[in-house]
Amino acid sequence: MNIQDYDQVYALWMSCKNMGFNNLDDSREGIAKLLRRNPHTSFVAMDGDALAGVILAGQDGRRGYIYHMCVAEPYRRQGLGAELVRRCLAALKGEGINKVALLVFNRNEAGNAFWETQGFTVRNDIAYRNKALTELVRIDT
């Protein structure tokens, strides 16, 4: 993925239900910053000029994180999501990352079912916490 993909990626994100975004981290500038820091861990799948899927991921030197992954409706249940995950995990492993984390809303039944098939397990022994350092506007799909 590169920043030239942003407009199509953002449109796809907004079409996928039960995902969460915000106006700063998921802006063109926010994604450009992530891609500069992690140029080899995010991928798009194209069907000609049409964006079929995307996975946005990065690493901090210790852990890998998958931030957003979605596949356009006409391309679902064809293995495209699994292939995006495979490529992403291979890239992270190639950068020396041993563990990858992601967040999925509880209400996102399809997303949770998908990640389960990919071998991602639910942790019941932790509480996820965050604190915004800047005022963010949530964008839930």
# chains A, B, ... in the order shown; residues from 1 in each chain; ligands from 1

$ closest_atom_pairs --of "segment 59-135 of chain A" --to "segment 23-37 of chain A" --cutoff "9 Å" --atoms "only C-alpha atoms" --output "tab-separated table"
residue	atom	partner	partner_atom	distance
A:Gln59	CA	A:Arg37	CA	8.7
A:Thr134	CA	A:Leu24	CA	9.0
A:Glu135	CA	A:Leu24	CA	9.0

$ write_last_selection --atoms "C-alpha atoms" --output "tab-separated table (two decimals), in the first residue's frame"
chain	number	residue	atom	x	y	z
A	59	GLN	CA	5.20	-2.61	14.06
A	134	THR	CA	-5.63	15.07	21.13
A	135	GLU	CA	-9.35	15.53	20.63

$ residues_around --residues "Ile55 of chain A" --least-positions-apart "6" --cutoff "6 Å" --atoms "only C-alpha atoms" --output "PyMOL selection string"
chain A and resi 42-43+68-69

$ residues_around --residues "Asn108 of chain A" --least-positions-apart "4" --cutoff "10 Å" --atoms "only C-alpha atoms" --output "mmCIF file with N, CA and C atoms, in the first residue's frame"
data_model
loop_
_atom_site.group_PDB
_atom_site.id
_atom_site.type_symbol
_atom_site.label_atom_id
_atom_site.label_comp_id
_atom_site.auth_asym_id
_atom_site.auth_seq_id
_atom_site.Cartn_x
_atom_site.Cartn_y
_atom_site.Cartn_z
ATOM 1 N N LYS A 17 -18.999 -2.405 7.380
ATOM 2 C CA LYS A 17 -19.754 -2.199 8.616
ATOM 3 C C LYS A 17 -18.989 -2.672 9.844
ATOM 4 N N ASN A 18 -19.289 -2.017 10.973
ATOM 5 C CA ASN A 18 -18.797 -2.392 12.302
ATOM 6 C C ASN A 18 -17.302 -2.192 12.487
ATOM 7 N N MET A 19 -16.760 -1.176 11.841
ATOM 8 C CA MET A 19 -15.357 -0.814 12.040
ATOM 9 C C MET A 19 -15.312 0.563 12.683
ATOM 10 N N VAL A 104 -11.009 -5.826 17.555
ATOM 11 C CA VAL A 104 -12.245 -5.989 16.797
ATOM 12 C C VAL A 104 -13.389 -5.645 17.733
ATOM 13 N N ASN A 112 -15.067 -10.883 13.878
ATOM 14 C CA ASN A 112 -14.562 -11.784 14.909
ATOM 15 C C ASN A 112 -14.483 -13.216 14.392
ATOM 16 N N ALA A 113 -15.470 -13.645 13.630
ATOM 17 C CA ALA A 113 -15.439 -14.994 13.065
ATOM 18 C C ALA A 113 -14.265 -15.144 12.098
ATOM 19 N N PHE A 114 -14.019 -14.120 11.277
ATOM 20 C CA PHE A 114 -12.897 -14.169 10.342
ATOM 21 C C PHE A 114 -11.573 -14.301 11.086
#

$ residues_around --residues "Pro39 of chain A" --least-positions-apart "5" --cutoff "9 Å" --atoms "only C-alpha atoms" --output "list of chain:residue names"
A:Met1, A:Asn2, A:Leu34, A:Gly58

$ select_by_dssp --residues "chain A" --states "alpha helix (DSSP H)" --output "PyMOL selection string"
chain A and resi 6-15+28-37+80-94+109-117

$ write_last_selection --atoms "N, CA and C atoms" --output "CSV table (one decimal), in the first residue's frame"
chain,number,residue,atom,x,y,z
A,6,TYR,N,-4.9,6.0,-1.0
A,6,TYR,CA,-5.7,6.4,0.2
A,6,TYR,C,-7.1,6.7,-0.2
A,7,ASP,N,-7.5,7.4,-1.2
A,7,ASP,CA,-8.9,7.7,-1.5
A,7,ASP,C,-9.7,6.5,-1.7
A,8,GLN,N,-9.2,5.5,-2.4
A,8,GLN,CA,-9.9,4.2,-2.6
A,8,GLN,C,-10.0,3.5,-1.3
A,9,VAL,N,-8.9,3.4,-0.6
A,9,VAL,CA,-8.9,2.7,0.7
A,9,VAL,C,-9.9,3.3,1.7
A,10,TYR,N,-9.9,4.6,1.8
A,10,TYR,CA,-10.8,5.3,2.7
A,10,TYR,C,-12.3,5.0,2.3
A,11,ALA,N,-12.6,5.1,1.0
A,11,ALA,CA,-14.0,4.8,0.6
A,11,ALA,C,-14.3,3.3,0.9
A,12,LEU,N,-13.4,2.4,0.8
A,12,LEU,CA,-13.7,1.0,1.2
A,12,LEU,C,-13.9,0.9,2.7
A,13,TRP,N,-13.1,1.5,3.4
A,13,TRP,CA,-13.3,1.5,4.9
A,13,TRP,C,-14.7,2.0,5.3
A,14,MET,N,-15.1,3.1,4.7
A,14,MET,CA,-16.4,3.6,5.0
A,14,MET,C,-17.5,2.7,4.6
A,15,SER,N,-17.3,1.8,3.6
A,15,SER,CA,-18.3,0.9,3.2
A,15,SER,C,-18.4,-0.4,4.0
A,28,ARG,N,-5.6,11.3,5.7
A,28,ARG,CA,-4.5,11.1,4.7
A,28,ARG,C,-3.1,11.3,5.4
A,29,GLU,N,-3.0,12.3,6.2
A,29,GLU,CA,-1.8,12.6,6.9
A,29,GLU,C,-1.4,11.5,7.9
A,30,GLY,N,-2.4,11.1,8.6
A,30,GLY,CA,-2.2,10.0,9.6
A,30,GLY,C,-1.7,8.7,8.9
A,31,ILE,N,-2.3,8.4,7.9
A,31,ILE,CA,-2.0,7.1,7.1
A,31,ILE,C,-0.6,7.3,6.5
A,32,ALA,N,-0.3,8.5,5.9
A,32,ALA,CA,1.0,8.7,5.3
A,32,ALA,C,2.1,8.6,6.4
A,33,LYS,N,1.9,9.1,7.6
A,33,LYS,CA,2.8,8.9,8.7
A,33,LYS,C,3.1,7.4,9.0
A,34,LEU,N,2.0,6.6,9.1
A,34,LEU,CA,2.1,5.2,9.4
A,34,LEU,C,2.9,4.5,8.2
A,35,LEU,N,2.6,4.8,7.0
A,35,LEU,CA,3.3,4.2,5.8
A,35,LEU,C,4.7,4.6,5.7
A,36,ARG,N,5.1,5.8,6.1
A,36,ARG,CA,6.5,6.2,6.2
A,36,ARG,C,7.3,5.4,7.2
A,37,ARG,N,6.6,5.2,8.3
A,37,ARG,CA,7.3,4.4,9.4
A,37,ARG,C,7.3,2.9,9.1
A,80,LEU,N,-9.5,-13.8,-0.3
A,80,LEU,CA,-8.7,-12.6,-0.4
A,80,LEU,C,-8.3,-12.1,0.9
A,81,GLY,N,-9.2,-12.1,1.9
A,81,GLY,CA,-8.9,-11.6,3.2
A,81,GLY,C,-7.8,-12.4,3.8
A,82,ALA,N,-7.9,-13.7,3.7
A,82,ALA,CA,-6.8,-14.6,4.3
A,82,ALA,C,-5.5,-14.4,3.6
A,83,GLU,N,-5.5,-14.1,2.3
A,83,GLU,CA,-4.3,-13.8,1.6
A,83,GLU,C,-3.6,-12.5,2.0
A,84,LEU,N,-4.5,-11.5,2.2
A,84,LEU,CA,-3.9,-10.2,2.8
A,84,LEU,C,-3.3,-10.4,4.1
A,85,VAL,N,-4.0,-11.2,5.0
A,85,VAL,CA,-3.4,-11.5,6.3
A,85,VAL,C,-2.1,-12.3,6.2
A,86,ARG,N,-2.1,-13.3,5.3
A,86,ARG,CA,-0.8,-14.1,5.1
A,86,ARG,C,0.3,-13.2,4.7
A,87,ARG,N,0.1,-12.3,3.8
A,87,ARG,CA,1.2,-11.4,3.3
A,87,ARG,C,1.6,-10.4,4.4
A,88,CYS,N,0.7,-9.9,5.1
A,88,CYS,CA,1.0,-9.0,6.2
A,88,CYS,C,1.8,-9.7,7.3
A,89,LEU,N,1.3,-10.9,7.7
A,89,LEU,CA,2.1,-11.6,8.8
A,89,LEU,C,3.5,-12.0,8.3
A,90,ALA,N,3.6,-12.4,7.1
A,90,ALA,CA,4.9,-12.7,6.5
A,90,ALA,C,5.8,-11.5,6.5
A,91,ALA,N,5.3,-10.3,6.2
A,91,ALA,CA,6.1,-9.1,6.2
A,91,ALA,C,6.5,-8.8,7.6
A,92,LEU,N,5.6,-8.9,8.6
A,92,LEU,CA,5.9,-8.6,9.9
A,92,LEU,C,7.0,-9.6,10.5
A,93,LYS,N,6.8,-10.8,10.2
A,93,LYS,CA,7.8,-11.8,10.6
A,93,LYS,C,9.1,-11.6,10.0
A,94,GLY,N,9.1,-11.2,8.7
A,94,GLY,CA,10.4,-10.8,8.1
A,94,GLY,C,11.1,-9.6,8.7
A,109,GLU,N,-19.6,-9.3,14.4
A,109,GLU,CA,-19.6,-10.8,14.4
A,109,GLU,C,-18.9,-11.4,13.3
A,110,ALA,N,-19.0,-10.8,12.1
A,110,ALA,CA,-18.3,-11.3,10.9
A,110,ALA,C,-16.8,-11.2,11.0
A,111,GLY,N,-16.4,-10.0,11.5
A,111,GLY,CA,-15.0,-9.8,11.7
A,111,GLY,C,-14.4,-10.7,12.8
A,112,ASN,N,-15.1,-10.9,13.9
A,112,ASN,CA,-14.6,-11.8,14.9
A,112,ASN,C,-14.5,-13.2,14.4
A,113,ALA,N,-15.5,-13.6,13.6
A,113,ALA,CA,-15.4,-15.0,13.1
A,113,ALA,C,-14.3,-15.1,12.1
A,114,PHE,N,-14.0,-14.1,11.3
A,114,PHE,CA,-12.9,-14.2,10.3
A,114,PHE,C,-11.6,-14.3,11.1
A,115,TRP,N,-11.4,-13.4,12.1
A,115,TRP,CA,-10.1,-13.5,12.8
A,115,TRP,C,-9.9,-14.8,13.5
A,116,GLU,N,-10.9,-15.4,14.0
A,116,GLU,CA,-10.8,-16.7,14.6
A,116,GLU,C,-10.3,-17.7,13.6
A,117,THR,N,-10.8,-17.7,12.4
A,117,THR,CA,-10.3,-18.6,11.4
A,117,THR,C,-8.9,-18.4,11.0

$ closest_residue --among "A:Arg77, A:Lys99, A:Arg63, A:His40" --to "Phe120 of chain A" --atoms "only C-alpha atoms"
A:Lys99

$ closest_residue --among "A:Gly96, A:Ala101, A:Val44, A:Asp49" --to "Gly61 of chain A" --atoms "only C-alpha atoms"
A:Gly96

$ select_by_dssp --residues "chain A" --states "strand (DSSP E or B)" --output "PyMOL selection string"
chain A and resi 20-22+43-47+50-59+64-71+100-102+138-140

$ residues_around --residues "Asn22 of chain A" --least-positions-apart "6" --cutoff "7 Å" --atoms "only C-alpha atoms" --output "number ranges by chain"
A: 136-139

$ closest_residue --among "A:Ile3, A:Glu73, A:Gly20, A:Gly64" --to "Asn106 of chain A" --atoms "only C-alpha atoms"
A:Gly20

$ atom_distance --atom1 "atom CA of Asp47 of chain A" --atom2 "atom CA of Cys16 of chain A"
17.8 Å

$ atom_distance --atom1 "atom CA of Val54 of chain A" --atom2 "atom CA of Ala72 of chain A"
8.9 Å

$ atom_distance --atom1 "atom CA of Asp140 of chain A" --atom2 "atom CA of Tyr128 of chain A"
18.0 Å
